[in-house]
$ cat target33.txt   # compact mmCIF, N, CA, C and O atoms
# COMPACT_ATOMS: atom_id res chain seq x y z
N MET G 1 13.81 15.31 50.11
CA MET G 1 13.92 15.87 48.79
C MET G 1 13.06 15.03 47.84
O MET G 1 13.12 13.82 47.83
N THR G 2 12.25 15.69 47.05
CA THR G 2 11.39 15.00 46.09
C THR G 2 12.13 14.82 44.77
O THR G 2 12.82 15.70 44.31
N LYS G 3 11.94 13.66 44.20
CA LYS G 3 12.56 13.39 42.90
C LYS G 3 11.56 13.72 41.80
O LYS G 3 10.37 13.41 41.92
N THR G 4 12.05 14.34 40.79
CA THR G 4 11.22 14.66 39.64
C THR G 4 11.38 13.56 38.60
O THR G 4 12.50 13.22 38.21
N ALA G 5 10.27 13.04 38.16
CA ALA G 5 10.31 11.99 37.13
C ALA G 5 10.42 12.65 35.76
O ALA G 5 9.74 13.64 35.47
N THR G 6 11.31 12.15 34.98
CA THR G 6 11.48 12.66 33.62
C THR G 6 11.34 11.50 32.64
O THR G 6 11.47 10.34 33.00
N SER G 7 11.08 11.85 31.43
CA SER G 7 11.03 10.83 30.38
C SER G 7 11.82 11.35 29.18
O SER G 7 11.95 12.55 28.97
N ARG G 8 12.32 10.43 28.42
CA ARG G 8 13.12 10.78 27.26
C ARG G 8 12.23 11.38 26.18
O ARG G 8 11.15 10.86 25.90
N TYR G 9 12.68 12.48 25.57
CA TYR G 9 11.93 13.13 24.49
C TYR G 9 12.08 12.31 23.22
O TYR G 9 13.18 11.89 22.84
N ASP G 10 10.99 12.04 22.56
CA ASP G 10 11.00 11.33 21.29
C ASP G 10 10.18 12.13 20.30
O ASP G 10 8.96 12.25 20.43
N VAL G 11 10.84 12.67 19.29
CA VAL G 11 10.16 13.50 18.29
C VAL G 11 9.05 12.72 17.59
O VAL G 11 8.04 13.30 17.18
N ALA G 12 9.19 11.41 17.47
CA ALA G 12 8.17 10.61 16.80
C ALA G 12 6.81 10.73 17.48
O ALA G 12 5.77 10.60 16.83
N ASP G 13 6.81 11.01 18.78
CA ASP G 13 5.55 11.19 19.51
C ASP G 13 4.81 12.45 19.09
O ASP G 13 3.63 12.61 19.41
N HIS G 14 5.48 13.35 18.39
CA HIS G 14 4.90 14.64 18.03
C HIS G 14 4.64 14.79 16.53
O HIS G 14 4.19 15.84 16.09
N LEU G 15 4.93 13.76 15.78
CA LEU G 15 4.71 13.80 14.33
C LEU G 15 3.39 13.11 14.03
O LEU G 15 3.34 11.93 13.72
N ARG G 16 2.32 13.86 14.12
CA ARG G 16 0.98 13.26 14.03
C ARG G 16 0.35 13.37 12.65
O ARG G 16 -0.46 12.54 12.28
N THR G 17 0.68 14.40 11.90
CA THR G 17 0.06 14.60 10.59
C THR G 17 1.11 14.55 9.48
O THR G 17 2.31 14.67 9.75
N HIS G 18 0.64 14.36 8.26
CA HIS G 18 1.57 14.39 7.13
C HIS G 18 2.26 15.75 7.04
O HIS G 18 3.43 15.84 6.66
N GLU G 19 1.55 16.81 7.41
CA GLU G 19 2.15 18.15 7.38
C GLU G 19 3.27 18.26 8.41
O GLU G 19 4.32 18.85 8.11
N ASP G 20 3.07 17.70 9.60
CA ASP G 20 4.12 17.68 10.62
C ASP G 20 5.34 16.93 10.10
O ASP G 20 6.49 17.38 10.27
N MET G 21 5.09 15.79 9.48
CA MET G 21 6.18 14.95 8.98
C MET G 21 6.95 15.65 7.86
O MET G 21 8.18 15.64 7.85
N ALA G 22 6.23 16.28 6.95
CA ALA G 22 6.87 16.98 5.84
C ALA G 22 7.71 18.16 6.37
O ALA G 22 8.84 18.37 5.92
N ALA G 23 7.17 18.89 7.32
CA ALA G 23 7.89 20.04 7.89
C ALA G 23 9.15 19.56 8.61
O ALA G 23 10.21 20.19 8.50
N TYR G 24 9.05 18.47 9.34
CA TYR G 24 10.21 17.93 10.06
C TYR G 24 11.28 17.46 9.09
O TYR G 24 12.47 17.75 9.28
N LEU G 25 10.87 16.77 8.03
CA LEU G 25 11.85 16.31 7.03
C LEU G 25 12.50 17.49 6.33
O LEU G 25 13.72 17.51 6.14
N GLU G 26 11.72 18.50 6.00
CA GLU G 26 12.28 19.69 5.34
C GLU G 26 13.27 20.40 6.26
O GLU G 26 14.37 20.77 5.84
N ALA G 27 12.92 20.59 7.52
CA ALA G 27 13.82 21.24 8.47
C ALA G 27 15.09 20.42 8.67
O ALA G 27 16.19 20.98 8.72
N SER G 28 14.94 19.11 8.75
CA SER G 28 16.11 18.24 8.93
C SER G 28 17.02 18.32 7.72
O SER G 28 18.25 18.34 7.86
N THR G 29 16.45 18.36 6.54
CA THR G 29 17.23 18.45 5.31
C THR G 29 18.01 19.76 5.26
O THR G 29 19.18 19.79 4.91
N GLU G 30 17.35 20.84 5.65
CA GLU G 30 18.01 22.15 5.66
C GLU G 30 19.13 22.19 6.69
O GLU G 30 20.19 22.76 6.44
N ASP G 31 18.92 21.59 7.84
CA ASP G 31 19.92 21.61 8.91
C ASP G 31 21.04 20.61 8.70
O ASP G 31 22.08 20.71 9.35
N ALA G 32 20.84 19.65 7.82
CA ALA G 32 21.81 18.55 7.64
C ALA G 32 23.15 19.02 7.10
O ALA G 32 24.17 18.41 7.37
N ASP G 33 23.15 20.08 6.31
CA ASP G 33 24.39 20.61 5.73
C ASP G 33 25.22 19.51 5.07
O ASP G 33 26.41 19.35 5.34
N GLY G 34 24.52 18.69 4.27
CA GLY G 34 25.22 17.65 3.53
C GLY G 34 25.36 16.33 4.27
O GLY G 34 25.92 15.38 3.74
N ASP G 35 24.87 16.23 5.50
CA ASP G 35 24.98 15.01 6.29
C ASP G 35 23.78 14.09 5.98
O ASP G 35 22.71 14.23 6.57
N ALA G 36 23.98 13.15 5.06
CA ALA G 36 22.89 12.26 4.63
C ALA G 36 22.40 11.38 5.77
O ALA G 36 21.23 11.01 5.81
N ALA G 37 23.28 11.02 6.71
CA ALA G 37 22.86 10.19 7.83
C ALA G 37 21.84 10.92 8.71
O ALA G 37 20.94 10.30 9.26
N LEU G 38 21.96 12.24 8.83
CA LEU G 38 21.01 13.02 9.61
C LEU G 38 19.63 13.00 8.95
O LEU G 38 18.61 12.87 9.62
N VAL G 39 19.61 13.10 7.64
CA VAL G 39 18.34 13.03 6.90
C VAL G 39 17.74 11.63 7.05
O VAL G 39 16.54 11.47 7.25
N ALA G 40 18.58 10.60 6.98
CA ALA G 40 18.11 9.23 7.18
C ALA G 40 17.51 9.06 8.56
O ALA G 40 16.47 8.41 8.73
N LYS G 41 18.14 9.65 9.56
CA LYS G 41 17.62 9.57 10.94
C LYS G 41 16.26 10.24 11.03
O LYS G 41 15.34 9.73 11.69
N ALA G 42 16.09 11.38 10.37
CA ALA G 42 14.80 12.06 10.36
C ALA G 42 13.74 11.18 9.70
O ALA G 42 12.61 11.08 10.20
N LEU G 43 14.09 10.53 8.61
CA LEU G 43 13.16 9.60 7.98
C LEU G 43 12.81 8.45 8.93
O LEU G 43 11.68 8.00 8.98
N GLY G 44 13.79 8.01 9.70
CA GLY G 44 13.55 6.96 10.69
C GLY G 44 12.58 7.42 11.77
O GLY G 44 11.70 6.66 12.19
N ASP G 45 12.73 8.67 12.22
CA ASP G 45 11.81 9.22 13.21
C ASP G 45 10.39 9.25 12.66
O ASP G 45 9.43 8.89 13.35
N ILE G 46 10.26 9.67 11.41
CA ILE G 46 8.94 9.74 10.78
C ILE G 46 8.36 8.34 10.61
O ILE G 46 7.18 8.10 10.87
N ALA G 47 9.20 7.40 10.20
CA ALA G 47 8.74 6.02 10.02
C ALA G 47 8.26 5.43 11.35
O ALA G 47 7.24 4.73 11.41
N ARG G 48 8.96 5.74 12.44
CA ARG G 48 8.53 5.25 13.76
C ARG G 48 7.19 5.87 14.16
O ARG G 48 6.34 5.22 14.74
N ALA G 49 7.00 7.14 13.80
CA ALA G 49 5.73 7.81 14.11
C ALA G 49 4.57 7.15 13.36
O ALA G 49 3.46 7.05 13.88
N ARG G 50 4.82 6.73 12.15
CA ARG G 50 3.77 6.08 11.33
C ARG G 50 3.60 4.61 11.66
O ARG G 50 2.57 4.02 11.39
N GLY G 51 4.64 4.00 12.21
CA GLY G 51 4.64 2.56 12.48
C GLY G 51 5.63 1.89 11.55
O GLY G 51 5.39 1.77 10.35
N ILE G 52 6.77 1.52 12.10
CA ILE G 52 7.89 1.03 11.29
C ILE G 52 7.51 -0.21 10.49
O ILE G 52 7.90 -0.35 9.34
N ALA G 53 6.72 -1.10 11.07
CA ALA G 53 6.34 -2.32 10.36
C ALA G 53 5.49 -2.00 9.14
O ALA G 53 5.70 -2.57 8.06
N GLN G 54 4.56 -1.06 9.29
CA GLN G 54 3.71 -0.68 8.16
C GLN G 54 4.51 0.03 7.08
O GLN G 54 4.33 -0.24 5.88
N VAL G 55 5.40 0.93 7.47
CA VAL G 55 6.22 1.65 6.49
C VAL G 55 7.13 0.66 5.74
O VAL G 55 7.26 0.74 4.52
N ALA G 56 7.72 -0.27 6.47
CA ALA G 56 8.57 -1.27 5.84
C ALA G 56 7.78 -2.08 4.82
O ALA G 56 8.24 -2.29 3.68
N SER G 57 6.60 -2.50 5.20
CA SER G 57 5.75 -3.27 4.29
C SER G 57 5.39 -2.46 3.05
O SER G 57 5.50 -2.94 1.92
N ASP G 58 4.98 -1.21 3.26
CA ASP G 58 4.59 -0.33 2.14
C ASP G 58 5.78 -0.03 1.23
O ASP G 58 5.60 0.18 0.02
N ALA G 59 6.98 -0.02 1.80
CA ALA G 59 8.18 0.28 1.00
C ALA G 59 8.78 -0.98 0.37
O ALA G 59 9.73 -0.88 -0.42
N GLY G 60 8.26 -2.13 0.74
CA GLY G 60 8.79 -3.38 0.20
C GLY G 60 10.12 -3.77 0.81
O GLY G 60 10.96 -4.39 0.16
N LEU G 61 10.31 -3.41 2.07
CA LEU G 61 11.56 -3.70 2.78
C LEU G 61 11.24 -4.48 4.04
O LEU G 61 10.12 -4.45 4.55
N SER G 62 12.24 -5.17 4.59
CA SER G 62 12.04 -5.83 5.88
C SER G 62 12.14 -4.78 6.98
O SER G 62 12.81 -3.76 6.82
N ARG G 63 11.48 -5.05 8.08
CA ARG G 63 11.51 -4.13 9.21
C ARG G 63 12.94 -3.93 9.71
O ARG G 63 13.37 -2.82 10.00
N GLU G 64 13.70 -5.02 9.77
CA GLU G 64 15.07 -4.95 10.26
C GLU G 64 15.95 -4.09 9.36
O GLU G 64 16.73 -3.28 9.83
N SER G 65 15.81 -4.29 8.04
CA SER G 65 16.64 -3.50 7.12
C SER G 65 16.25 -2.03 7.16
O SER G 65 17.11 -1.15 7.03
N LEU G 66 14.97 -1.76 7.38
CA LEU G 66 14.54 -0.37 7.48
C LEU G 66 15.12 0.29 8.73
O LEU G 66 15.61 1.41 8.68
N TYR G 67 15.08 -0.41 9.86
CA TYR G 67 15.69 0.11 11.09
C TYR G 67 17.16 0.43 10.86
O TYR G 67 17.65 1.50 11.25
N LYS G 68 17.88 -0.49 10.25
CA LYS G 68 19.32 -0.28 10.00
C LYS G 68 19.55 0.90 9.07
O LYS G 68 20.42 1.74 9.31
N ALA G 69 18.78 0.95 7.98
CA ALA G 69 18.98 2.00 6.98
C ALA G 69 18.69 3.39 7.54
O ALA G 69 19.34 4.37 7.15
N LEU G 70 17.73 3.48 8.46
CA LEU G 70 17.31 4.79 8.96
C LEU G 70 17.75 5.06 10.39
O LEU G 70 17.21 5.91 11.08
N SER G 71 18.78 4.38 10.82
CA SER G 71 19.28 4.53 12.19
C SER G 71 20.05 5.83 12.39
O SER G 71 20.21 6.30 13.51
N GLY G 72 20.55 6.41 11.31
CA GLY G 72 21.40 7.58 11.42
C GLY G 72 22.87 7.22 11.55
O GLY G 72 23.73 8.09 11.60
N GLU G 73 23.14 5.92 11.62
CA GLU G 73 24.53 5.45 11.73
C GLU G 73 25.11 5.07 10.38
O GLU G 73 26.29 4.80 10.27
N ARG G 74 24.28 5.02 9.37
CA ARG G 74 24.74 4.72 8.02
C ARG G 74 23.93 5.56 7.04
O ARG G 74 22.93 6.15 7.41
N VAL G 75 24.38 5.58 5.82
CA VAL G 75 23.70 6.35 4.78
C VAL G 75 22.99 5.35 3.85
O VAL G 75 23.65 4.56 3.19
N PRO G 76 21.66 5.39 3.82
CA PRO G 76 20.95 4.46 2.95
C PRO G 76 21.13 4.87 1.48
O PRO G 76 21.41 6.03 1.18
N ASN G 77 20.93 3.91 0.59
CA ASN G 77 21.04 4.27 -0.83
C ASN G 77 19.79 5.04 -1.26
O ASN G 77 18.77 5.03 -0.57
N LEU G 78 19.90 5.69 -2.38
CA LEU G 78 18.81 6.54 -2.86
C LEU G 78 17.54 5.73 -3.12
O LEU G 78 16.43 6.20 -2.85
N ASP G 79 17.69 4.51 -3.59
CA ASP G 79 16.54 3.65 -3.84
C ASP G 79 15.74 3.45 -2.55
O ASP G 79 14.51 3.57 -2.54
N THR G 80 16.42 3.18 -1.46
CA THR G 80 15.75 2.99 -0.16
C THR G 80 15.07 4.28 0.28
O THR G 80 13.92 4.27 0.73
N VAL G 81 15.76 5.39 0.15
CA VAL G 81 15.19 6.69 0.54
C VAL G 81 13.91 6.96 -0.24
O VAL G 81 12.88 7.34 0.33
N LEU G 82 13.94 6.75 -1.55
CA LEU G 82 12.76 7.02 -2.37
C LEU G 82 11.61 6.08 -2.02
O LEU G 82 10.45 6.52 -1.99
N LYS G 83 11.90 4.83 -1.74
CA LYS G 83 10.85 3.89 -1.34
C LYS G 83 10.21 4.32 -0.03
O LYS G 83 8.99 4.29 0.13
N VAL G 84 11.03 4.73 0.93
CA VAL G 84 10.52 5.13 2.24
C VAL G 84 9.72 6.42 2.13
O VAL G 84 8.63 6.53 2.69
N VAL G 85 10.23 7.38 1.41
CA VAL G 85 9.52 8.65 1.24
C VAL G 85 8.15 8.38 0.61
O VAL G 85 7.13 8.91 1.07
N GLY G 86 8.11 7.54 -0.41
CA GLY G 86 6.83 7.19 -1.04
C GLY G 86 5.90 6.48 -0.08
O GLY G 86 4.70 6.76 -0.03
N ALA G 87 6.44 5.53 0.70
CA ALA G 87 5.63 4.79 1.66
C ALA G 87 5.07 5.70 2.75
O ALA G 87 4.01 5.43 3.31
N LEU G 88 5.77 6.78 3.05
CA LEU G 88 5.32 7.74 4.05
C LEU G 88 4.29 8.72 3.50
O LEU G 88 3.72 9.52 4.24
N GLY G 89 4.06 8.68 2.19
CA GLY G 89 3.12 9.60 1.58
C GLY G 89 3.69 11.00 1.41
O GLY G 89 2.95 11.98 1.34
N LEU G 90 5.03 11.07 1.32
CA LEU G 90 5.70 12.35 1.15
C LEU G 90 6.34 12.43 -0.23
O LEU G 90 6.41 11.43 -0.95
N LYS G 91 6.79 13.60 -0.61
CA LYS G 91 7.50 13.81 -1.87
C LYS G 91 8.78 14.57 -1.59
O LYS G 91 8.80 15.45 -0.74
N LEU G 92 9.82 14.22 -2.32
CA LEU G 92 11.04 15.03 -2.29
C LEU G 92 10.91 16.06 -3.40
O LEU G 92 10.34 15.79 -4.45
N ARG G 93 11.43 17.23 -3.17
CA ARG G 93 11.39 18.25 -4.21
C ARG G 93 12.69 19.01 -4.22
O ARG G 93 13.44 19.02 -3.23
N ALA G 94 12.94 19.65 -5.31
CA ALA G 94 14.17 20.44 -5.46
C ALA G 94 13.79 21.90 -5.68
O ALA G 94 12.77 22.21 -6.29
N GLU G 95 14.63 22.76 -5.16
CA GLU G 95 14.47 24.19 -5.42
C GLU G 95 15.85 24.80 -5.57
O GLU G 95 16.85 24.20 -5.15
N VAL G 96 15.90 25.95 -6.15
CA VAL G 96 17.17 26.61 -6.39
C VAL G 96 17.74 27.10 -5.06
O VAL G 96 17.04 27.72 -4.25
N SER G 97 19.00 26.80 -4.82
CA SER G 97 19.69 27.22 -3.61
C SER G 97 19.86 28.74 -3.63
O SER G 97 20.15 29.32 -4.67
N PRO G 98 19.69 29.41 -2.48
CA PRO G 98 19.91 30.85 -2.43
C PRO G 98 21.31 31.24 -2.91
O PRO G 98 21.51 32.33 -3.43
N ALA G 99 22.28 30.36 -2.77
CA ALA G 99 23.64 30.66 -3.18
C ALA G 99 23.77 30.84 -4.68
O ALA G 99 24.70 31.50 -5.15
N VAL G 100 22.84 30.24 -5.45
CA VAL G 100 22.97 30.34 -6.91
C VAL G 100 21.80 31.07 -7.55
O VAL G 100 21.76 31.20 -8.77
N GLN G 101 20.86 31.55 -6.77
CA GLN G 101 19.73 32.27 -7.34
C GLN G 101 20.23 33.50 -8.08
O GLN G 101 21.11 34.21 -7.63
N GLY G 102 19.65 33.71 -9.22
CA GLY G 102 20.04 34.87 -10.01
C GLY G 102 21.15 34.58 -11.01
O GLY G 102 21.39 35.37 -11.93
N ARG G 103 21.86 33.49 -10.84
CA ARG G 103 22.89 33.10 -11.81
C ARG G 103 22.23 32.39 -12.98
O ARG G 103 21.26 31.68 -12.80
N SER G 104 22.76 32.56 -14.13
CA SER G 104 22.25 31.79 -15.27
C SER G 104 23.09 30.53 -15.40
O SER G 104 24.23 30.48 -14.99
N GLY G 105 22.46 29.53 -15.95
CA GLY G 105 23.32 28.42 -16.19
C GLY G 105 22.85 27.11 -15.96
O GLY G 105 23.24 26.10 -15.97

$ encode --input "target33.txt" --output "structure tokens"
Amino acid sequence: MTKTATSRYDVADHLRTHEDMAAYLEASTEDADGDAALVAKALGDIARARGIAQVASDAGLSRESLYKALSGERVPNLDTVLKVVGALGLKLRAEVSPAVQGRSG
């Protein structure tokens, strides 16, 4: 019987362009359903794709603290999220939720 070699899938291996990274973060945010740790994990995946040491340096954070903050096991503070998003060359944006579109107020 022949054994098939497999390797673990890592999304970071497929995030090659800023457009890929932005689309992945947007999809993760939509799927998170309020789970901030899931969004943090997505940011961690993107940071690994770019190079965690470089992202940490650009964000003004230590590599270790960035790993911890974006592990998906904790929720980083907004200041950290904004620094990382900026270091990644991305922007956060807001839009009206479909649940409230058409309402005034």

$ atom_distance --input "target33.txt" --atom1 "CA of Asp33 in chain G" --atom2 "atom O of Leu78 in chain G"
18.6 Å

$ atom_distance --input "target33.txt" --atom1 "atom O of Ala99 in chain G" --atom2 "atom N of Asp31 in chain G"
17.3 Å

$ residues_around --input "target33.txt" --residues "Ala40 in chain G" --least-positions-apart "5" --cutoff "7 Å" --atoms "only N, CA, C and O atoms" --output "list in words"
Asp35, Asp45, Ile46, Ala69, Leu70, Ser71, Gly72, Arg74, Val75 and Pro76 of chain G

$ atom_distance --input "target33.txt" --atom1 "CA of Arg50 in chain G" --atom2 "CA of Thr29 in chain G"
19.2 Å

$ axis_aligned_box --input "target33.txt" --around "range 90-104 of chain G" --padding-each-side "4 Å" --output "JSON"
{"center_x": 14.9, "center_y": 23.2, "center_z": -7.0, "size_x": 27.7, "size_y": 32.3, "size_z": 24.7}

$ decode --input "target33.txt" --residues "range 17-98 of chain G" --atoms "C-alpha atoms" --output "PDB file, in the first residue's frame"
ATOM      1  CA  THR G  17      -1.201  40.533  -2.898  1.00  0.00           C
ATOM      2  CA  HIS G  18      -2.735  43.377  -0.935  1.00  0.00           C
ATOM      3  CA  GLU G  19      -5.998  42.602  -2.747  1.00  0.00           C
ATOM      4  CA  ASP G  20      -5.866  38.972  -1.533  1.00  0.00           C
ATOM      5  CA  MET G  21      -5.206  40.180   2.002  1.00  0.00           C
ATOM      6  CA  ALA G  22      -8.012  42.745   1.942  1.00  0.00           C
ATOM      7  CA  ALA G  23     -10.489  40.200   0.556  1.00  0.00           C
ATOM      8  CA  TYR G  24      -9.497  37.644   3.205  1.00  0.00           C
ATOM      9  CA  LEU G  25      -9.861  40.177   6.017  1.00  0.00           C
ATOM     10  CA  GLU G  26     -13.232  41.323   4.681  1.00  0.00           C
ATOM     11  CA  ALA G  27     -14.515  37.741   4.379  1.00  0.00           C
ATOM     12  CA  SER G  28     -13.233  36.905   7.861  1.00  0.00           C
ATOM     13  CA  THR G  29     -14.923  39.977   9.308  1.00  0.00           C
ATOM     14  CA  GLU G  30     -18.222  39.057   7.670  1.00  0.00           C
ATOM     15  CA  ASP G  31     -17.996  35.444   8.866  1.00  0.00           C
ATOM     16  CA  ALA G  32     -16.889  36.381  12.399  1.00  0.00           C
ATOM     17  CA  ASP G  33     -20.426  37.208  13.568  1.00  0.00           C
ATOM     18  CA  GLY G  34     -19.060  39.335  16.386  1.00  0.00           C
ATOM     19  CA  ASP G  35     -16.111  37.048  17.229  1.00  0.00           C
ATOM     20  CA  ALA G  36     -13.205  39.513  17.531  1.00  0.00           C
ATOM     21  CA  ALA G  37     -10.709  36.691  18.123  1.00  0.00           C
ATOM     22  CA  LEU G  38     -11.530  35.290  14.660  1.00  0.00           C
ATOM     23  CA  VAL G  39     -10.777  38.662  13.079  1.00  0.00           C
ATOM     24  CA  ALA G  40      -7.538  38.842  15.090  1.00  0.00           C
ATOM     25  CA  LYS G  41      -6.592  35.389  13.789  1.00  0.00           C
ATOM     26  CA  ALA G  42      -7.206  36.549  10.211  1.00  0.00           C
ATOM     27  CA  LEU G  43      -4.950  39.542  10.828  1.00  0.00           C
ATOM     28  CA  GLY G  44      -2.358  37.108  12.176  1.00  0.00           C
ATOM     29  CA  ASP G  45      -2.586  35.020   9.003  1.00  0.00           C
ATOM     30  CA  ILE G  46      -2.064  38.140   6.905  1.00  0.00           C
ATOM     31  CA  ALA G  47       0.836  39.285   9.086  1.00  0.00           C
ATOM     32  CA  ARG G  48       2.509  35.880   8.668  1.00  0.00           C
ATOM     33  CA  ALA G  49       2.066  36.142   4.895  1.00  0.00           C
ATOM     34  CA  ARG G  50       3.804  39.534   4.902  1.00  0.00           C
ATOM     35  CA  GLY G  51       6.448  38.534   7.442  1.00  0.00           C
ATOM     36  CA  ILE G  52       5.614  38.823  11.119  1.00  0.00           C
ATOM     37  CA  ALA G  53       8.901  40.500  12.061  1.00  0.00           C
ATOM     38  CA  GLN G  54       8.450  43.226   9.442  1.00  0.00           C
ATOM     39  CA  VAL G  55       4.797  43.820  10.361  1.00  0.00           C
ATOM     40  CA  ALA G  56       5.698  44.016  14.052  1.00  0.00           C
ATOM     41  CA  SER G  57       8.435  46.531  13.310  1.00  0.00           C
ATOM     42  CA  ASP G  58       6.158  48.633  11.072  1.00  0.00           C
ATOM     43  CA  ALA G  59       3.433  48.566  13.741  1.00  0.00           C
ATOM     44  CA  GLY G  60       5.835  49.505  16.528  1.00  0.00           C
ATOM     45  CA  LEU G  61       5.248  46.251  18.401  1.00  0.00           C
ATOM     46  CA  SER G  62       7.482  43.374  19.453  1.00  0.00           C
ATOM     47  CA  ARG G  63       7.258  40.207  17.402  1.00  0.00           C
ATOM     48  CA  GLU G  64       6.258  38.215  20.480  1.00  0.00           C
ATOM     49  CA  SER G  65       3.445  40.576  21.456  1.00  0.00           C
ATOM     50  CA  LEU G  66       2.163  40.567  17.887  1.00  0.00           C
ATOM     51  CA  TYR G  67       2.075  36.754  17.825  1.00  0.00           C
ATOM     52  CA  LYS G  68       0.147  36.722  21.110  1.00  0.00           C
ATOM     53  CA  ALA G  69      -2.269  39.472  20.072  1.00  0.00           C
ATOM     54  CA  LEU G  70      -3.094  37.826  16.735  1.00  0.00           C
ATOM     55  CA  SER G  71      -3.131  34.193  17.825  1.00  0.00           C
ATOM     56  CA  GLY G  72      -6.920  33.981  17.836  1.00  0.00           C
ATOM     57  CA  GLU G  73      -6.823  32.958  21.489  1.00  0.00           C
ATOM     58  CA  ARG G  74      -7.301  36.485  22.783  1.00  0.00           C
ATOM     59  CA  VAL G  75      -8.862  39.713  21.623  1.00  0.00           C
ATOM     60  CA  PRO G  76      -6.332  42.457  20.924  1.00  0.00           C
ATOM     61  CA  ASN G  77      -7.190  46.030  21.828  1.00  0.00           C
ATOM     62  CA  LEU G  78      -8.317  48.416  19.116  1.00  0.00           C
ATOM     63  CA  ASP G  79      -5.021  50.306  19.226  1.00  0.00           C
ATOM     64  CA  THR G  80      -3.134  47.120  18.301  1.00  0.00           C
ATOM     65  CA  VAL G  81      -5.609  46.263  15.544  1.00  0.00           C
ATOM     66  CA  LEU G  82      -5.302  49.730  14.001  1.00  0.00           C
ATOM     67  CA  LYS G  83      -1.499  49.631  14.150  1.00  0.00           C
ATOM     68  CA  VAL G  84      -1.400  46.217  12.483  1.00  0.00           C
ATOM     69  CA  VAL G  85      -3.934  47.121   9.808  1.00  0.00           C
ATOM     70  CA  GLY G  86      -1.897  50.235   8.990  1.00  0.00           C
ATOM     71  CA  ALA G  87       1.369  48.268   8.956  1.00  0.00           C
ATOM     72  CA  LEU G  88      -0.216  45.813   6.514  1.00  0.00           C
ATOM     73  CA  GLY G  89      -1.147  48.636   4.154  1.00  0.00           C
ATOM     74  CA  LEU G  90      -4.859  48.001   4.641  1.00  0.00           C
ATOM     75  CA  LYS G  91      -7.773  50.179   5.764  1.00  0.00           C
ATOM     76  CA  LEU G  92     -10.773  49.390   7.904  1.00  0.00           C
ATOM     77  CA  ARG G  93     -14.028  50.788   6.635  1.00  0.00           C
ATOM     78  CA  ALA G  94     -17.608  50.922   7.766  1.00  0.00           C
ATOM     79  CA  GLU G  95     -20.764  50.427   5.783  1.00  0.00           C
ATOM     80  CA  VAL G  96     -24.415  50.297   6.657  1.00  0.00           C
ATOM     81  CA  SER G  97     -25.558  46.841   7.741  1.00  0.00           C
ATOM     82  CA  PRO G  98     -28.280  45.305   5.553  1.00  0.00           C
TER      83      PRO G  98
END
